[in-house]
Structure formats: structure tokens, C-alpha cells
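**Student:** My structure is in work_1.txt, and what it holds is compact mmCIF, C-alpha atoms:
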```txt
# COMPACT_ATOMS: atom_id res chain seq x y z
CA MET A 472 0.00 0.00 0.00
CA GLU A 473 2.83 2.38 0.91
CA ARG A 474 4.55 1.61 -2.37
CA ALA A 475 1.40 2.45 -4.36
CA THR A 476 1.01 5.74 -2.48
CA SER A 477 4.60 6.75 -3.18
CA PHE A 478 4.16 5.79 -6.86
CA VAL A 479 1.09 8.04 -7.14
CA SER A 480 2.83 10.96 -5.43
CA LEU A 481 5.90 10.58 -7.68
CA ARG A 482 3.66 10.44 -10.73
CA ILE A 483 1.92 13.66 -9.68
CA LEU A 484 5.32 15.30 -9.15
CA SER A 485 6.48 14.27 -12.63
CA ASN A 486 3.28 15.69 -14.14
CA MET A 487 3.87 19.04 -12.45
CA ILE A 488 7.51 19.55 -13.49
CA PRO A 489 6.95 20.85 -17.07
CA VAL A 490 4.34 23.42 -16.05
CA ALA A 491 6.32 24.43 -12.97
CA LEU A 492 9.40 25.04 -15.13
CA ALA A 493 7.35 27.17 -17.53
CA ILE A 494 6.03 29.23 -14.61
CA LEU A 495 9.55 29.59 -13.20
CA GLY A 496 10.81 30.75 -16.62
CA MET A 497 7.96 33.22 -16.85
CA LEU A 498 8.77 34.65 -13.42
CA ILE A 499 12.46 34.99 -14.33
CA ALA A 500 11.71 36.62 -17.69
CA ASN A 501 9.31 39.12 -16.12
CA PHE A 502 11.53 39.94 -13.15
CA PRO A 503 11.93 43.73 -13.13
CA VAL A 504 15.71 43.67 -13.62
CA SER A 505 17.29 43.90 -17.07
CA PHE A 506 20.85 42.86 -17.82
CA LEU A 507 20.72 44.64 -21.18
CA GLY A 508 19.36 47.92 -19.88
CA GLY A 509 15.90 47.31 -21.31
CA HIS A 510 17.15 47.66 -24.90
CA VAL A 511 16.10 44.13 -25.83
CA ALA A 512 12.98 42.33 -24.64
CA PRO A 513 13.62 39.32 -22.41
CA PRO A 514 13.38 35.86 -23.98
CA LEU A 515 10.14 33.92 -23.89
CA LEU A 516 11.32 31.45 -21.27
CA ALA A 517 7.80 30.02 -20.87
CA LEU A 518 7.68 29.06 -24.55
CA MET A 519 10.71 26.81 -24.17
CA PRO A 520 9.03 24.21 -21.89
CA ILE A 521 5.85 24.49 -23.98
CA TYR A 522 7.86 23.57 -27.08
CA PHE A 523 10.06 20.95 -25.44
CA TRP A 524 7.34 19.03 -23.63
CA GLY A 525 4.73 19.70 -26.30
CA MET A 526 7.03 17.84 -28.65
CA VAL A 527 8.54 15.18 -26.35
CA ARG A 528 5.68 14.56 -23.90
CA PRO A 529 2.40 16.07 -25.15
CA ASP A 530 0.56 14.31 -22.32
CA LEU A 531 2.37 16.62 -19.87
CA MET A 532 2.04 19.86 -21.89
CA THR A 533 -1.47 20.02 -23.30
CA PRO A 534 -3.18 22.90 -25.15
CA PHE A 535 -4.88 23.77 -21.86
CA TRP A 536 -1.50 24.40 -20.24
CA ALA A 537 -0.25 26.39 -23.23
CA PHE A 538 -3.34 28.60 -22.93
CA ALA A 539 -3.10 28.90 -19.13
CA LEU A 540 0.60 29.77 -19.31
CA GLY A 541 -0.19 32.38 -21.96
CA VAL A 542 -2.82 33.95 -19.71
CA PHE A 543 -0.31 34.01 -16.86
CA GLU A 544 2.29 35.59 -19.18
CA ASP A 545 -0.29 38.24 -20.15
CA LEU A 546 -0.87 39.04 -16.47
CA LEU A 547 2.83 39.24 -15.63
CA SER A 548 3.93 41.19 -18.70
CA GLY A 549 1.22 43.83 -18.36
CA GLY A 550 0.25 43.70 -22.01
CA PRO A 551 -3.22 43.40 -23.50
CA PRO A 552 -5.01 40.31 -22.19
CA GLY A 553 -5.10 37.30 -24.47
CA VAL A 554 -2.10 38.19 -26.63
CA TRP A 555 0.32 35.59 -25.29
CA ALA A 556 -2.45 33.08 -24.66
CA ALA A 557 -3.35 33.13 -28.36
CA SER A 558 0.32 33.23 -29.39
CA PHE A 559 1.32 30.26 -27.24
CA LEU A 560 -1.66 28.31 -28.59
CA ALA A 561 -0.65 29.14 -32.18
CA ALA A 562 2.88 27.88 -31.50
CA TYR A 563 1.53 24.82 -29.70
CA TYR A 564 -0.68 23.86 -32.63
CA MET A 565 2.28 24.15 -35.00
CA ILE A 566 4.25 21.87 -32.67
CA ASP A 567 1.32 19.46 -32.43
CA SER A 568 0.76 19.27 -36.17
CA GLN A 569 4.47 18.84 -36.98
CA ARG A 570 5.49 16.66 -34.01
CA ASP A 571 6.64 13.72 -36.15
CA VAL A 572 8.90 15.95 -38.25
CA LEU A 573 10.22 17.97 -35.30
CA ALA A 574 10.94 14.93 -33.14
CA GLY A 575 13.27 13.53 -35.81
CA LEU A 576 15.42 16.66 -35.95
CA SER A 577 18.72 17.14 -34.15
CA GLY A 578 21.36 19.83 -33.96
CA LEU A 579 20.72 22.85 -36.15
CA GLY A 580 17.49 21.31 -37.47
CA ALA A 581 16.08 21.06 -33.93
CA LEU A 582 17.05 24.67 -33.26
CA THR A 583 15.36 25.70 -36.50
CA GLY A 584 12.20 23.89 -35.40
CA PHE A 585 12.14 25.88 -32.17
CA ALA A 586 12.93 29.09 -34.06
CA VAL A 587 9.88 28.53 -36.27
CA ALA A 588 7.67 27.94 -33.22
CA ALA A 589 9.07 31.10 -31.58
CA LEU A 590 8.55 33.04 -34.81
CA ILE A 591 4.92 31.94 -34.91
CA ALA A 592 4.43 33.00 -31.27
CA CYS A 593 6.16 36.38 -31.75
CA MET A 594 4.46 37.19 -35.04
CA SER A 595 1.07 36.16 -33.67
CA ALA A 596 1.57 38.50 -30.73
CA TYR A 597 2.73 41.28 -33.06
CA VAL A 598 -0.28 40.95 -35.36
CA ILE A 599 -2.73 40.81 -32.45
CA VAL A 600 -1.23 43.91 -30.82
CA CYS A 601 -1.23 45.78 -34.15
CA ILE A 602 -4.92 44.95 -34.58
CA LEU A 603 -5.73 45.97 -30.99
CA PHE A 604 -3.97 49.33 -31.34
CA GLY A 605 -5.19 49.86 -34.89
CA MET A 606 -1.77 50.73 -36.25
CA LEU A 607 1.39 49.15 -37.57
CA LEU A 608 3.93 49.03 -34.74
CA PRO A 609 7.74 48.81 -35.07
CA VAL A 610 8.86 45.25 -35.71
CA ALA A 611 12.39 45.64 -34.25
CA PRO A 612 11.38 44.88 -30.62
CA VAL A 613 9.65 41.69 -31.72
CA LEU A 614 12.68 40.60 -33.74
CA GLY A 615 14.93 41.33 -30.75
CA GLU A 616 12.72 39.22 -28.51
CA LEU A 617 12.72 36.44 -31.11
CA ALA A 618 16.52 36.51 -31.38
CA MET A 619 16.96 36.48 -27.59
CA THR A 620 14.50 33.59 -27.29
CA VAL A 621 16.25 31.44 -29.90
CA ILE A 622 19.73 32.19 -28.52
CA THR A 623 18.61 31.39 -24.97
CA TYR A 624 16.96 28.15 -26.09
CA VAL A 625 20.36 26.84 -27.21
CA PHE A 626 21.35 26.70 -23.53
CA VAL A 627 17.98 25.98 -21.91
CA VAL A 628 17.30 22.88 -24.04
CA PHE A 629 20.20 21.10 -22.32
CA VAL A 630 18.66 21.83 -18.91
CA LEU A 631 15.21 20.69 -20.07
CA GLY A 632 16.68 17.51 -21.55
CA ALA A 633 18.57 16.72 -18.35
CA ILE A 634 15.44 17.28 -16.25
CA HIS A 635 13.49 15.03 -18.59
CA ARG A 636 16.10 12.25 -18.43
CA ARG A 637 16.73 12.45 -14.69
CA LEU A 638 13.33 13.38 -13.24
CA VAL A 639 10.34 13.18 -15.55
CA GLY A 640 11.20 9.96 -17.36
CA PRO A 641 12.24 7.92 -14.29
CA LEU A 642 9.40 9.24 -12.12
CA ARG A 643 6.82 8.15 -14.69
CA SER A 644 8.08 4.59 -15.03
CA ASP A 645 6.73 1.63 -13.08
CA PHE A 646 8.70 0.42 -10.09
```
Could you express the structure from this file as C-alpha cells?
**Tutor:**
Amino acid sequence: MERATSFVSLRILSNMIPVALAILGMLIANFPVSFLGGHVAPPLLALMPIYFWGMVRPDLMTPFWAFALGVFEDLLSGGPPGVWAASFLAAYYMIDSQRDVLAGLSGLGALTGFAVAALIACMSAYVIVCILFGMLLPVAPVLGELAMTVITYVFVVFVLGAIHRRLVGPLRSDF
């Protein structure tokens, strides 16, 4: 009985890790300190777990979580409500529809796959904000955020992979 209880608690813990990492990334990205003096937007750290686990373990990162994380990003970033929720969902659906292709990529191809997902998220947010404000806004801040997101992903993907190998995978297996 004790073994079954510990198995259930470990399984719940492994289910929470991807979303918890996305929330942690969101909190870090929206922390009111800028290392670049506010000249470049911070990377979309919440999109990285959405992409990684949406591709590797879609049972742990569902469209519901992509939407909920987008709503939370909207609240933390102070932008118009719904922008990041819609953008994260757009990126998630690209990941979902191309999962077989993306899962087979490695190296520069895998980075390109993430870059396309980040481009979809950034451009979706840009288009939505342009529509909301009724004018064409400068695209340079969006491109800066996209570049920072892709560059940061190069390093974060190793952390996400290690967490997946050491925590999520083993915690979800049978004893």
C-alpha cells in the first residue's frame, strides 16, 4: 500500500515539473531587472518548456496548459489580455501538427524547429497587438525578442533535456 502511495505521489510530481518550469521561466523573464538595460525584450522562457514538452511529452504539456501559461504571461507582462495566450496556442498547434517531423530533428534542425515555433508565437503576438492598437507598430522589438529567445533556447534545451532524463522519465516509469 505504501509503495502504491509513493508511486502516485511521484507520478503527480512528474506531471507538475513541465508546467512548474514554464512558470519559473515566466517569473524569471518578467523579473523587473534587465541585464541589457531594457534595450532588448527578455526571452520567452515560458515558450521553451511548452515547445520541449509539447514535442517530447504532449501528455504533460497540453493545449490547456499552453493557454493557461499564456494567460499568466499576459498578467505578468502587463500587455493586453489574451495576446500571449493566443500566441502560445498558435505555437503549440504548430508543434502538435508537426510533431513527427520535429521529433526527428537534431542539432541545427532542432534549433530551426524551435525558431519557427518562436517566430509563430512572436508574429502572432505582433499581429494581435497591431490589430488591438489599430496601427502598424515597429517590428524591431519583436525581432529582438525572437533573437533572444532562440539564442537562450540553445542553452535551456540542455537543462530541459537533463530534467526530462533524470526526473520526468524515471518518475513516470513503473517500479
**Student:** Which residue out of A:Leu579, A:Met565, A:Leu546, A:Val613 has the minimum interatomic distance to Asn501 in chain A when all atoms listed in the file are used?
**Tutor:**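 The closest residue to Asn501 in chain A is A:Leu546.
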**Student:** Can you pull out the residues contacting Asp530 in chain A? Cut-off 9 Å, using only C-alpha atoms, and skip same-chain residues under 4 positions away; I want them as a list in words.
**Tutor:**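 Within the cut-off, the hits are Asn486, Trp524 and Gly525 of chain A.
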**Student:** For Ile494 in chain A, work out the shell of residues within 9 Å, counting all atoms listed in the file and skipping chain neighbours fewer than 3 positions away, then give it as a list in words.
**Tutor:**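 Counting only the stated atoms, we get Pro489, Val490, Ala491, Met497, Leu498, Ile499, Leu516, Ala517, Leu540, Phe543 and Glu544 of chain A.
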**Student:** How close does range 528-559 of chain A get to range 586-606 of chain A? List, as JSON lines, each residue of range 528-559 of chain A within 8 Å, its nearest atom pair and the distance in Å to one decimal, counting all atoms listed in the file.
**Tutor:**
```
{"residue": "A:Pro551", "atom": "CA", "partner": "A:Val600", "partner_atom": "CA", "distance": 7.6}
{"residue": "A:Val554", "atom": "CA", "partner": "A:Ala596", "partner_atom": "CA", "distance": 5.5}
{"residue": "A:Trp555", "atom": "CA", "partner": "A:Ala596", "partner_atom": "CA", "distance": 6.3}
{"residue": "A:Ala557", "atom": "CA", "partner": "A:Ser595", "partner_atom": "CA", "distance": 7.5}
{"residue": "A:Ser558", "atom": "CA", "partner": "A:Ala592", "partner_atom": "CA", "distance": 4.5}
{"residue": "A:Phe559", "atom": "CA", "partner": "A:Ala592", "partner_atom": "CA", "distance": 5.8}
```
**Student:** What is the CA of Leu573 in chain A-CA of Val511 in chain A distance in Å, reported with one decimal?
**Tutor:**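 These atoms are spaced 28.4 Å apart.
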**Student:** Skipping near chain neighbours, those fewer than 4 positions away, what residues fall within 12 Å of Phe585 in chain A using only C-alpha atoms, listed as an MDAnalysis selection string?
**Tutor:** chainID A and resid 515 518:526 562:563 565:566 569:570 573:574 576:581 589:592 617:618 620:625 627:628
**Student:** Measure the distance from CA of Leu531 in chain A to CA of Leu614 in chain A in Å and round it to one decimal.
**Tutor:**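 According to the coordinates, CA of Leu531 in chain A and CA of Leu614 in chain A are separated by 29.6 Å.
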**Student:** Please put the answer as lines of an AutoDock Vina configuration file: centre and edge lengths, in Å with one decimal, of a box along x, y and z that encloses all listed atoms of range 578-596 of chain A plus 4 Å on each side.
**Tutor:**
```
center_x = 11.2
center_y = 29.2
center_z = -34.1
size_x = 28.3
size_y = 26.7
size_z = 14.7
```
**Student:** Which distance in Å separates CA of Gly632 in chain A and CA of Pro534 in chain A, to one decimal?
**Tutor:**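 Taking CA of Gly632 in chain A and CA of Pro534 in chain A, their separation equals 20.9 Å.
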**Student:** Can you work out which one of A:Ala493, A:Gly584, A:Ala512, A:Gly550 has the shortest atom-to-atom distance to Ala537 in chain A, counting all atoms listed in the file?
**Tutor:**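 Smallest distance to Ala537 in chain A is found for A:Ala493.
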**Student:** Determine the nearest neighbour of Pro513 in chain A from the options A:Pro612, A:Phe629, A:Asp545, A:Ala556, counting only C-alpha atoms.
**Tutor:** A:Pro612
**Student:** Which residue gives the smallest distance to Tyr564 in chain A among A:Leu638, A:Gly496, A:Ser505, A:Met532, with all atoms listed in the file counted?
**Tutor:**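 Ranking A:Leu638, A:Gly496, A:Ser505, A:Met532 by distance to Tyr564 in chain A, first place goes to A:Met532.
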**Student:** Rebuild range 562-587 of chain A to N, CA and C atoms - output it as a compact mmCIF listing (two decimals), in the frame of the given file, please.
**Tutor:**
```txt
# COMPACT_ATOMS: atom_id res chain seq x y z
N ALA A 562 1.62 28.62 -31.46
CA ALA A 562 2.88 27.88 -31.50
C ALA A 562 2.65 26.42 -31.12
N TYR A 563 1.80 26.19 -30.13
CA TYR A 563 1.53 24.82 -29.70
C TYR A 563 0.90 24.00 -30.83
N TYR A 564 -0.02 24.61 -31.55
CA TYR A 564 -0.68 23.86 -32.63
C TYR A 564 0.28 23.59 -33.79
N MET A 565 1.24 24.45 -34.00
CA MET A 565 2.28 24.15 -35.00
C MET A 565 3.11 22.96 -34.52
N ILE A 566 3.47 22.97 -33.25
CA ILE A 566 4.25 21.87 -32.67
C ILE A 566 3.44 20.57 -32.77
N ASP A 567 2.18 20.64 -32.42
CA ASP A 567 1.32 19.46 -32.43
C ASP A 567 1.16 18.89 -33.84
N SER A 568 0.98 19.75 -34.80
CA SER A 568 0.76 19.27 -36.17
C SER A 568 2.04 18.77 -36.84
N GLN A 569 3.20 19.23 -36.37
CA GLN A 569 4.47 18.84 -36.98
C GLN A 569 5.34 18.00 -36.05
N ARG A 570 4.73 17.40 -35.04
CA ARG A 570 5.49 16.66 -34.01
C ARG A 570 6.37 15.57 -34.62
N ASP A 571 5.86 14.81 -35.56
CA ASP A 571 6.64 13.72 -36.15
C ASP A 571 7.89 14.25 -36.85
N VAL A 572 7.75 15.36 -37.55
CA VAL A 572 8.90 15.95 -38.25
C VAL A 572 9.88 16.54 -37.25
N LEU A 573 9.37 17.30 -36.28
CA LEU A 573 10.22 17.97 -35.30
C LEU A 573 10.97 16.98 -34.41
N ALA A 574 10.31 15.90 -34.04
CA ALA A 574 10.94 14.93 -33.14
C ALA A 574 12.14 14.25 -33.79
N GLY A 575 12.16 14.17 -35.11
CA GLY A 575 13.27 13.53 -35.81
C GLY A 575 14.45 14.43 -36.06
N LEU A 576 14.34 15.71 -35.69
CA LEU A 576 15.42 16.66 -35.95
C LEU A 576 16.44 16.65 -34.82
N SER A 577 17.68 16.97 -35.17
CA SER A 577 18.72 17.14 -34.15
C SER A 577 19.64 18.27 -34.59
N GLY A 578 20.40 18.77 -33.66
CA GLY A 578 21.36 19.83 -33.96
C GLY A 578 20.70 21.09 -34.47
N LEU A 579 21.22 21.60 -35.58
CA LEU A 579 20.72 22.85 -36.15
C LEU A 579 19.27 22.71 -36.61
N GLY A 580 18.88 21.54 -37.06
CA GLY A 580 17.49 21.31 -37.47
C GLY A 580 16.53 21.46 -36.30
N ALA A 581 16.91 20.92 -35.13
CA ALA A 581 16.08 21.06 -33.93
C ALA A 581 15.98 22.51 -33.50
N LEU A 582 17.07 23.25 -33.59
CA LEU A 582 17.05 24.67 -33.26
C LEU A 582 16.16 25.44 -34.23
N THR A 583 16.22 25.06 -35.49
CA THR A 583 15.36 25.70 -36.50
C THR A 583 13.89 25.42 -36.21
N GLY A 584 13.57 24.21 -35.77
CA GLY A 584 12.20 23.89 -35.40
C GLY A 584 11.71 24.78 -34.28
N PHE A 585 12.54 24.97 -33.25
CA PHE A 585 12.14 25.88 -32.17
C PHE A 585 12.03 27.31 -32.67
N ALA A 586 12.96 27.72 -33.54
CA ALA A 586 12.93 29.09 -34.06
C ALA A 586 11.63 29.35 -34.83
N VAL A 587 11.15 28.37 -35.56
CA VAL A 587 9.88 28.53 -36.27
C VAL A 587 8.72 28.66 -35.29
```
